[in-house]
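Peer 1: For reference, this is final24.cif, and it has mmCIF, C-alpha atoms.
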```cif
data_query
loop_
_atom_site.group_PDB
_atom_site.id
_atom_site.type_symbol
_atom_site.label_atom_id
_atom_site.label_comp_id
_atom_site.auth_asym_id
_atom_site.auth_seq_id
_atom_site.Cartn_x
_atom_site.Cartn_y
_atom_site.Cartn_z
ATOM 1 C CA MET A 88 -13.159 -10.547 -18.115
ATOM 2 C CA GLU A 89 -9.454 -10.207 -18.767
ATOM 3 C CA LYS A 90 -6.908 -10.028 -15.967
ATOM 4 C CA LYS A 91 -4.354 -7.208 -16.433
ATOM 5 C CA VAL A 92 -1.025 -7.042 -14.582
ATOM 6 C CA ILE A 93 -0.148 -3.584 -13.261
ATOM 7 C CA ASN A 94 3.538 -2.824 -12.884
ATOM 8 C CA THR A 95 5.386 0.447 -12.395
ATOM 9 C CA GLU A 96 9.027 1.297 -11.774
ATOM 10 C CA LYS A 97 7.777 4.049 -9.446
ATOM 11 C CA ALA A 98 6.962 1.376 -6.837
ATOM 12 C CA PRO A 99 9.364 -1.334 -5.647
ATOM 13 C CA ALA A 100 9.640 -4.551 -7.611
ATOM 14 C CA ALA A 101 8.001 -7.595 -6.042
ATOM 15 C CA VAL A 102 10.232 -9.409 -3.521
ATOM 16 C CA GLY A 103 8.632 -12.757 -4.330
ATOM 17 C CA PRO A 104 6.546 -14.614 -6.912
ATOM 18 C CA TYR A 105 3.774 -12.017 -7.238
ATOM 19 C CA VAL A 106 2.961 -8.777 -9.078
ATOM 20 C CA GLN A 107 2.358 -5.267 -7.791
ATOM 21 C CA ALA A 108 -1.316 -5.349 -8.717
ATOM 22 C CA ILE A 109 -3.959 -7.073 -10.827
ATOM 23 C CA GLN A 110 -6.884 -5.331 -12.480
ATOM 24 C CA LYS A 111 -9.926 -7.429 -13.331
ATOM 25 C CA GLY A 112 -12.882 -5.529 -14.686
ATOM 26 C CA ASN A 113 -13.188 -2.330 -12.708
ATOM 27 C CA VAL A 114 -11.469 -3.731 -9.594
ATOM 28 C CA LEU A 115 -7.786 -3.263 -8.752
ATOM 29 C CA TYR A 116 -6.204 -5.686 -6.265
ATOM 30 C CA ALA A 117 -2.821 -4.523 -4.990
ATOM 31 C CA SER A 118 -0.172 -6.575 -3.252
ATOM 32 C CA GLY A 119 1.098 -5.338 0.087
ATOM 33 C CA GLN A 120 3.441 -2.371 -0.126
ATOM 34 C CA LEU A 121 6.341 -2.106 2.250
ATOM 35 C CA GLY A 122 8.206 1.132 2.867
ATOM 36 C CA LEU A 123 10.804 0.207 0.242
ATOM 37 C CA VAL A 124 12.312 3.038 -1.783
ATOM 38 C CA PRO A 125 11.834 1.967 -5.440
ATOM 39 C CA GLU A 126 15.159 3.355 -6.666
ATOM 40 C CA THR A 127 17.264 1.554 -4.054
ATOM 41 C CA GLY A 128 15.158 -1.368 -2.812
ATOM 42 C CA VAL A 129 16.067 -0.295 0.730
ATOM 43 C CA LEU A 130 13.537 0.347 3.492
ATOM 44 C CA ALA A 131 12.949 3.965 4.463
ATOM 45 C CA GLU A 132 14.068 4.851 7.972
ATOM 46 C CA GLY A 133 11.765 4.275 10.943
ATOM 47 C CA ILE A 134 8.020 3.782 11.152
ATOM 48 C CA GLU A 135 7.205 7.297 9.885
ATOM 49 C CA GLY A 136 9.489 6.993 6.870
ATOM 50 C CA GLN A 137 8.275 3.496 6.020
ATOM 51 C CA THR A 138 4.607 4.452 6.336
ATOM 52 C CA LYS A 139 5.032 7.497 4.095
ATOM 53 C CA GLN A 140 6.988 5.429 1.551
ATOM 54 C CA ALA A 141 4.462 2.565 1.601
ATOM 55 C CA LEU A 142 1.698 5.079 0.860
ATOM 56 C CA ALA A 143 3.809 6.682 -1.893
ATOM 57 C CA ASN A 144 4.146 3.189 -3.386
ATOM 58 C CA VAL A 145 0.363 2.745 -3.134
ATOM 59 C CA GLN A 146 -0.060 6.074 -4.977
ATOM 60 C CA ALA A 147 2.395 5.011 -7.710
ATOM 61 C CA ILE A 148 0.392 1.829 -8.364
ATOM 62 C CA LEU A 149 -2.870 3.782 -8.422
ATOM 63 C CA ASP A 150 -1.378 6.260 -10.890
ATOM 64 C CA GLU A 151 -0.095 3.496 -13.177
ATOM 65 C CA ALA A 152 -3.511 1.826 -13.226
ATOM 66 C CA GLY A 153 -5.444 5.081 -13.714
ATOM 67 C CA TYR A 154 -7.109 5.028 -10.294
ATOM 68 C CA THR A 155 -7.136 7.549 -7.449
ATOM 69 C CA LYS A 156 -7.045 7.090 -3.689
ATOM 70 C CA GLU A 157 -10.759 7.960 -3.727
ATOM 71 C CA ASP A 158 -11.270 4.672 -5.616
ATOM 72 C CA ILE A 159 -9.805 2.603 -2.758
ATOM 73 C CA VAL A 160 -12.582 0.744 -0.953
ATOM 74 C CA LYS A 161 -10.537 -1.438 1.439
ATOM 75 C CA THR A 162 -7.047 -1.503 2.904
ATOM 76 C CA SER A 163 -5.244 -3.925 5.142
ATOM 77 C CA VAL A 164 -2.424 -2.571 7.289
ATOM 78 C CA PHE A 165 0.096 -4.944 8.841
ATOM 79 C CA LEU A 166 2.301 -3.663 11.657
ATOM 80 C CA ASP A 167 5.430 -5.206 13.096
ATOM 81 C CA ASP A 168 4.548 -3.492 16.402
ATOM 82 C CA ILE A 169 0.976 -2.498 17.316
ATOM 83 C CA ASN A 170 2.467 0.273 19.469
ATOM 84 C CA ASP A 171 3.138 2.087 16.157
ATOM 85 C CA PHE A 172 -0.632 2.241 15.523
ATOM 86 C CA GLY A 173 -0.981 5.915 16.490
ATOM 87 C CA THR A 174 1.919 7.075 14.319
ATOM 88 C CA VAL A 175 0.732 5.058 11.311
ATOM 89 C CA ASN A 176 -2.859 6.219 11.846
ATOM 90 C CA GLU A 177 -1.820 9.876 11.761
ATOM 91 C CA ILE A 178 0.122 9.517 8.482
ATOM 92 C CA TYR A 179 -2.594 7.294 6.984
ATOM 93 C CA ALA A 180 -5.298 9.872 7.837
ATOM 94 C CA GLU A 181 -3.270 12.660 6.166
ATOM 95 C CA PHE A 182 -2.855 10.552 3.020
ATOM 96 C CA PHE A 183 -6.527 9.653 2.645
ATOM 97 C CA GLU A 184 -7.971 12.969 3.884
ATOM 98 C CA ASP A 185 -11.750 12.680 3.323
ATOM 99 C CA ALA A 186 -11.523 9.543 1.140
ATOM 100 C CA LYS A 187 -11.015 7.051 3.962
ATOM 101 C CA PRO A 188 -11.726 3.436 2.932
ATOM 102 C CA ALA A 189 -12.719 0.494 5.096
ATOM 103 C CA ARG A 190 -9.628 -0.893 6.863
ATOM 104 C CA SER A 191 -8.173 -3.714 8.896
ATOM 105 C CA CYS A 192 -5.034 -3.169 10.970
ATOM 106 C CA VAL A 193 -3.218 -6.001 12.714
ATOM 107 C CA GLU A 194 0.113 -6.744 14.331
ATOM 108 C CA VAL A 195 2.061 -9.568 12.694
ATOM 109 C CA ALA A 196 5.088 -11.559 13.839
ATOM 110 C CA ASN A 197 7.336 -10.399 10.986
ATOM 111 C CA LEU A 198 7.198 -8.588 7.676
ATOM 112 C CA PRO A 199 9.402 -9.220 4.619
ATOM 113 C CA LYS A 200 12.840 -7.567 4.614
ATOM 114 C CA GLY A 201 12.376 -6.531 8.264
ATOM 115 C CA GLY A 202 9.682 -4.011 7.369
ATOM 116 C CA LEU A 203 7.734 -2.199 10.060
ATOM 117 C CA VAL A 204 4.526 -1.652 8.056
ATOM 118 C CA GLU A 205 2.869 -3.102 4.967
ATOM 119 C CA ILE A 206 -0.264 -1.770 3.256
ATOM 120 C CA GLU A 207 -2.402 -3.561 0.670
ATOM 121 C CA PHE A 208 -5.557 -2.299 -0.989
ATOM 122 C CA ILE A 209 -8.544 -2.979 -3.212
ATOM 123 C CA ALA A 210 -9.799 -0.157 -5.448
ATOM 124 C CA MET A 211 -12.918 0.022 -7.577
ATOM 125 C CA LYS A 212 -14.124 2.404 -10.288
#
```
Any chance you could put this one into structure tokens?
Peer 2:
Amino acid sequence: MEKKVINTEKAPAAVGPYVQAIQKGNVLYASGQLGLVPETGVLAEGIEGQTKQALANVQAILDEAGYTKEDIVKTSVFLDDINDFGTVNEIYAEFFEDAKPARSCVEVANLPKGGLVEIEFIAMK
């Protein structure tokens, strides 16, 4: 089974030695998406802005790979502050609607570039 690198200019470039996503067979493994605006490389403002942008980046990777959010089976959400859980949850629920995947959500000490939220996913066709 061949490993295919997924890369789109509609999501931010990697900030380290990794790729946006890898497809192997029918499974898509995506790197964590911060709330970085692809055109500027700057974080969106506040937890709401960063969450919406991180999910827009998730959508851009899905689109590039030919997947939909309904194909996502697992996400991991990393928060700089667990007190933002309710805000992130609300935006996350709107994004996924009835296609909610399994999920982990944890508070971490720090995120790259001073981010407030990071979302990674696994999708399967």
Peer 1: What does the PyMOL selection byres ((chain A and resi 128) around 10) select in this file, as an MDAnalysis selection string?
Peer 2: chainID A and resid 98:100 102 122:127 129:131 200
Peer 1: With the PyMOL selection byres ((chain A and resi 203) around 9) as the selection, what would be picked from this file? Answer as a PyMOL selection string, please.
Peer 2: chain A and resi 121-122+133-134+137-138+165-168+171+197-198+201-202+204-205
Peer 1: How many Å lie between atom CA of A:Glu132 and atom CA of A:Asp150, rounded to one decimal?
Peer 2: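 Those two atoms sit 24.4 Å apart.
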Peer 1: Which neighbours of A:Lys91 fall inside 8 Å, counting all atoms listed in the file, when residues of the same chain fewer than 5 positions from it are skipped, and could you give them as a count of residues only?
Peer 2: 3
Peer 1: For a quick check of understanding, using only C-alpha atoms, which of A:Glu135, A:Glu89, A:Thr162, A:Val145 has the smallest distance to A:Ala108?
Peer 2: A:Val145
Peer 1: Within 10 Å of (2.7, -6.0, -6.3), all atoms listed in the file: residues as a PDB file with C-alpha atoms, in the coordinates of the input?
Peer 2:
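Produced file out.pdb, reproduced below:
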```pdb
ATOM      1  CA  VAL A  92      -1.025  -7.042 -14.582  1.00  0.00           C
ATOM      2  CA  ILE A  93      -0.148  -3.584 -13.261  1.00  0.00           C
ATOM      3  CA  ASN A  94       3.538  -2.824 -12.884  1.00  0.00           C
ATOM      4  CA  THR A  95       5.386   0.447 -12.395  1.00  0.00           C
ATOM      5  CA  ALA A  98       6.962   1.376  -6.837  1.00  0.00           C
ATOM      6  CA  PRO A  99       9.364  -1.334  -5.647  1.00  0.00           C
ATOM      7  CA  ALA A 100       9.640  -4.551  -7.611  1.00  0.00           C
ATOM      8  CA  ALA A 101       8.001  -7.595  -6.042  1.00  0.00           C
ATOM      9  CA  VAL A 102      10.232  -9.409  -3.521  1.00  0.00           C
ATOM     10  CA  GLY A 103       8.632 -12.757  -4.330  1.00  0.00           C
ATOM     11  CA  PRO A 104       6.546 -14.614  -6.912  1.00  0.00           C
ATOM     12  CA  TYR A 105       3.774 -12.017  -7.238  1.00  0.00           C
ATOM     13  CA  VAL A 106       2.961  -8.777  -9.078  1.00  0.00           C
ATOM     14  CA  GLN A 107       2.358  -5.267  -7.791  1.00  0.00           C
ATOM     15  CA  ALA A 108      -1.316  -5.349  -8.717  1.00  0.00           C
ATOM     16  CA  ILE A 109      -3.959  -7.073 -10.827  1.00  0.00           C
ATOM     17  CA  TYR A 116      -6.204  -5.686  -6.265  1.00  0.00           C
ATOM     18  CA  ALA A 117      -2.821  -4.523  -4.990  1.00  0.00           C
ATOM     19  CA  SER A 118      -0.172  -6.575  -3.252  1.00  0.00           C
ATOM     20  CA  GLY A 119       1.098  -5.338   0.087  1.00  0.00           C
ATOM     21  CA  GLN A 120       3.441  -2.371  -0.126  1.00  0.00           C
ATOM     22  CA  ASN A 144       4.146   3.189  -3.386  1.00  0.00           C
ATOM     23  CA  VAL A 145       0.363   2.745  -3.134  1.00  0.00           C
ATOM     24  CA  ILE A 148       0.392   1.829  -8.364  1.00  0.00           C
ATOM     25  CA  GLU A 207      -2.402  -3.561   0.670  1.00  0.00           C
TER      26      GLU A 207
END
```
Peer 1: If you measure from atom CA of A:Ala180 to atom CA of A:Val193, what distance in Å do you get, rounded to one decimal?
Peer 2: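 We find that atom CA of A:Ala180 and atom CA of A:Val193 lie 16.7 Å from each other.
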Peer 1: Could you check which of A:Lys90, A:Lys187, A:Val160, A:Phe208 is closest to A:Ala141, using all atoms listed in the file?
Peer 2: A:Phe208
Peer 1: Please indicate the distance in Å from atom CA of A:Ala210 to atom CA of A:Val114, rounded to one decimal place.
Peer 2: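 If I compute the distance from atom CA of A:Ala210 to atom CA of A:Val114, I get 5.7 Å.
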Peer 1: Determine, counting only C-alpha atoms, which protein, DNA and RNA residues have an atom within 8 Å of an atom of A:Lys156; residues of the same chain fewer than 4 positions away are not included. Present the result as a PDB file with C-alpha atoms, in the frame of the given file.
Peer 2:
```pdb
ATOM      1  CA  GLN A 146      -0.060   6.074  -4.977  1.00  0.00           C
ATOM      2  CA  LEU A 149      -2.870   3.782  -8.422  1.00  0.00           C
ATOM      3  CA  PHE A 183      -6.527   9.653   2.645  1.00  0.00           C
ATOM      4  CA  ALA A 186     -11.523   9.543   1.140  1.00  0.00           C
ATOM      5  CA  ALA A 210      -9.799  -0.157  -5.448  1.00  0.00           C
TER       6      ALA A 210
END
```
Peer 1: Kindly provide, as lines of an AutoDock Vina configuration file, the centre and edge lengths (Å, one decimal) of an axis-aligned box around all atoms of stretch 129-138 of chain A given in the file, with 8 Å on each side.
Peer 2:
```
center_x = 10.3
center_y = 3.5
center_z = 5.9
size_x = 27.5
size_y = 23.6
size_z = 26.4
```
Peer 1: So that I can see what lies close to A:Asn176, please list as number ranges by chain the residues with an atom at most 10 Å from it, counting only C-alpha atoms and leaving out residues fewer than 6 positions away in the same chain.
Peer 2: A: 138, 164, 182, 192
Peer 1: Save out the residues we just selected, C-alpha atoms, as a CSV table (one decimal), in the coordinates of the input.
Peer 2:
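The result, written out as part_6.csv:
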```csv
chain,number,residue,atom,x,y,z
A,138,THR,CA,4.6,4.5,6.3
A,164,VAL,CA,-2.4,-2.6,7.3
A,182,PHE,CA,-2.9,10.6,3.0
A,192,CYS,CA,-5.0,-3.2,11.0
```
Peer 1: With all atoms listed in the file as the counted atoms, please give the residues lying no more than 7 Å from A:Lys161, apart from itself and same-chain residues fewer than 4 positions off, as number ranges by chain.
Peer 2: A: 188-190, 208-209
Peer 1: Write the residues of the selection above to a file with C-alpha atoms, as a tab-separated table (two decimals), in the coordinates of the input.
Peer 2:
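The resulting again-v2.tsv:
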```
chain	number	residue	atom	x	y	z
A	188	PRO	CA	-11.73	3.44	2.93
A	189	ALA	CA	-12.72	0.49	5.10
A	190	ARG	CA	-9.63	-0.89	6.86
A	208	PHE	CA	-5.56	-2.30	-0.99
A	209	ILE	CA	-8.54	-2.98	-3.21
```
Peer 1: Identify which of the residues A:Ala147, A:Gly112, A:Ala196, A:Lys139 lies closest to A:Glu181, counting all atoms listed in the file when measuring atom-to-atom distances.
Peer 2: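 Among A:Ala147, A:Gly112, A:Ala196, A:Lys139, it is A:Lys139 that comes nearest to A:Glu181.
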Peer 1: Of the residues A:Glu151, A:Asn113, A:Met88, A:Glu96, which is the one nearest to A:Lys212, using all atoms listed in the file?
Peer 2: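 Distance minimum relative to A:Lys212 lands on A:Asn113.
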Peer 1: For stretch 171-206 of chain A, supply N, CA and C atoms and format the output as a JSON list (two decimals), keeping the file's coordinate frame.
Peer 2:
```json
[["chain", "number", "residue", "atom", "x", "y", "z"],
["A", 171, "ASP", "N", 2.97, 1.08, 17.21],
["A", 171, "ASP", "CA", 3.14, 2.09, 16.16],
["A", 171, "ASP", "C", 1.80, 2.52, 15.57],
["A", 172, "PHE", "N", 0.70, 1.97, 16.07],
["A", 172, "PHE", "CA", -0.63, 2.24, 15.52],
["A", 172, "PHE", "C", -0.93, 3.74, 15.42],
["A", 173, "GLY", "N", -0.67, 4.48, 16.47],
["A", 173, "GLY", "CA", -0.98, 5.92, 16.49],
["A", 173, "GLY", "C", -0.21, 6.69, 15.44],
["A", 174, "THR", "N", 1.07, 6.40, 15.32],
["A", 174, "THR", "CA", 1.92, 7.08, 14.32],
["A", 174, "THR", "C", 1.44, 6.76, 12.91],
["A", 175, "VAL", "N", 1.20, 5.48, 12.64],
["A", 175, "VAL", "CA", 0.73, 5.06, 11.31],
["A", 175, "VAL", "C", -0.64, 5.67, 11.02],
["A", 176, "ASN", "N", -1.50, 5.66, 12.00],
["A", 176, "ASN", "CA", -2.86, 6.22, 11.85],
["A", 176, "ASN", "C", -2.82, 7.69, 11.43],
["A", 177, "GLU", "N", -1.94, 8.45, 12.06],
["A", 177, "GLU", "CA", -1.82, 9.88, 11.76],
["A", 177, "GLU", "C", -1.40, 10.10, 10.30],
["A", 178, "ILE", "N", -0.38, 9.38, 9.85],
["A", 178, "ILE", "CA", 0.12, 9.52, 8.48],
["A", 178, "ILE", "C", -0.92, 9.00, 7.49],
["A", 179, "TYR", "N", -1.55, 7.90, 7.81],
["A", 179, "TYR", "CA", -2.59, 7.29, 6.98],
["A", 179, "TYR", "C", -3.76, 8.27, 6.80],
["A", 180, "ALA", "N", -4.18, 8.92, 7.89],
["A", 180, "ALA", "CA", -5.30, 9.87, 7.84],
["A", 180, "ALA", "C", -4.95, 11.07, 6.95],
["A", 181, "GLU", "N", -3.71, 11.55, 7.02],
["A", 181, "GLU", "CA", -3.27, 12.66, 6.17],
["A", 181, "GLU", "C", -3.31, 12.25, 4.69],
["A", 182, "PHE", "N", -2.88, 11.03, 4.40],
["A", 182, "PHE", "CA", -2.86, 10.55, 3.02],
["A", 182, "PHE", "C", -4.26, 10.47, 2.44],
["A", 183, "PHE", "N", -5.18, 9.88, 3.18],
["A", 183, "PHE", "CA", -6.53, 9.65, 2.64],
["A", 183, "PHE", "C", -7.45, 10.86, 2.78],
["A", 184, "GLU", "N", -7.14, 11.79, 3.66],
["A", 184, "GLU", "CA", -7.97, 12.97, 3.88],
["A", 184, "GLU", "C", -9.43, 12.56, 4.08],
["A", 185, "ASP", "N", -10.33, 12.99, 3.18],
["A", 185, "ASP", "CA", -11.75, 12.68, 3.32],
["A", 185, "ASP", "C", -12.17, 11.42, 2.56],
["A", 186, "ALA", "N", -11.21, 10.72, 1.97],
["A", 186, "ALA", "CA", -11.52, 9.54, 1.14],
["A", 186, "ALA", "C", -11.18, 8.24, 1.87],
["A", 187, "LYS", "N", -11.41, 8.22, 3.16],
["A", 187, "LYS", "CA", -11.02, 7.05, 3.96],
["A", 187, "LYS", "C", -11.80, 5.79, 3.57],
["A", 188, "PRO", "N", -11.07, 4.71, 3.26],
["A", 188, "PRO", "CA", -11.73, 3.44, 2.93],
["A", 188, "PRO", "C", -11.97, 2.60, 4.19],
["A", 189, "ALA", "N", -12.64, 1.48, 4.01],
["A", 189, "ALA", "CA", -12.72, 0.49, 5.10],
["A", 189, "ALA", "C", -11.29, -0.01, 5.34],
["A", 190, "ARG", "N", -11.00, -0.50, 6.56],
["A", 190, "ARG", "CA", -9.63, -0.89, 6.86],
["A", 190, "ARG", "C", -9.57, -1.94, 7.95],
["A", 191, "SER", "N", -8.58, -2.82, 7.82],
["A", 191, "SER", "CA", -8.17, -3.71, 8.90],
["A", 191, "SER", "C", -6.76, -3.31, 9.27],
["A", 192, "CYS", "N", -6.40, -3.46, 10.53],
["A", 192, "CYS", "CA", -5.03, -3.17, 10.97],
["A", 192, "CYS", "C", -4.67, -4.19, 12.04],
["A", 193, "VAL", "N", -3.62, -4.96, 11.78],
["A", 193, "VAL", "CA", -3.22, -6.00, 12.71],
["A", 193, "VAL", "C", -1.71, -6.01, 12.92],
["A", 194, "GLU", "N", -1.30, -6.50, 14.06],
["A", 194, "GLU", "CA", 0.11, -6.74, 14.33],
["A", 194, "GLU", "C", 0.45, -8.15, 13.83],
["A", 195, "VAL", "N", 1.60, -8.28, 13.19],
["A", 195, "VAL", "CA", 2.06, -9.57, 12.69],
["A", 195, "VAL", "C", 3.43, -9.88, 13.31],
["A", 196, "ALA", "N", 3.81, -11.15, 13.25],
["A", 196, "ALA", "CA", 5.09, -11.56, 13.84],
["A", 196, "ALA", "C", 6.28, -10.94, 13.12],
["A", 197, "ASN", "N", 6.25, -10.95, 11.80],
["A", 197, "ASN", "CA", 7.34, -10.40, 10.99],
["A", 197, "ASN", "C", 6.80, -9.96, 9.64],
["A", 198, "LEU", "N", 7.51, -9.02, 9.04],
["A", 198, "LEU", "CA", 7.20, -8.59, 7.68],
["A", 198, "LEU", "C", 8.44, -8.84, 6.81],
["A", 199, "PRO", "N", 8.25, -9.00, 5.50],
["A", 199, "PRO", "CA", 9.40, -9.22, 4.62],
["A", 199, "PRO", "C", 10.45, -8.12, 4.75],
["A", 200, "LYS", "N", 11.70, -8.49, 4.60],
["A", 200, "LYS", "CA", 12.84, -7.57, 4.61],
["A", 200, "LYS", "C", 12.98, -6.79, 5.92],
["A", 201, "GLY", "N", 12.29, -7.24, 6.99],
["A", 201, "GLY", "CA", 12.38, -6.53, 8.26],
["A", 201, "GLY", "C", 11.54, -5.27, 8.30],
["A", 202, "GLY", "N", 10.54, -5.19, 7.42],
["A", 202, "GLY", "CA", 9.68, -4.01, 7.37],
["A", 202, "GLY", "C", 8.91, -3.80, 8.65],
["A", 203, "LEU", "N", 8.51, -2.56, 8.87],
["A", 203, "LEU", "CA", 7.73, -2.20, 10.06],
["A", 203, "LEU", "C", 6.25, -2.06, 9.76],
["A", 204, "VAL", "N", 5.92, -1.82, 8.47],
["A", 204, "VAL", "CA", 4.53, -1.65, 8.06],
["A", 204, "VAL", "C", 4.37, -2.14, 6.62],
["A", 205, "GLU", "N", 3.21, -2.69, 6.32],
["A", 205, "GLU", "CA", 2.87, -3.10, 4.97],
["A", 205, "GLU", "C", 1.40, -2.76, 4.74],
["A", 206, "ILE", "N", 1.11, -2.20, 3.56],
["A", 206, "ILE", "CA", -0.26, -1.77, 3.26],
["A", 206, "ILE", "C", -0.69, -2.36, 1.91]]
```
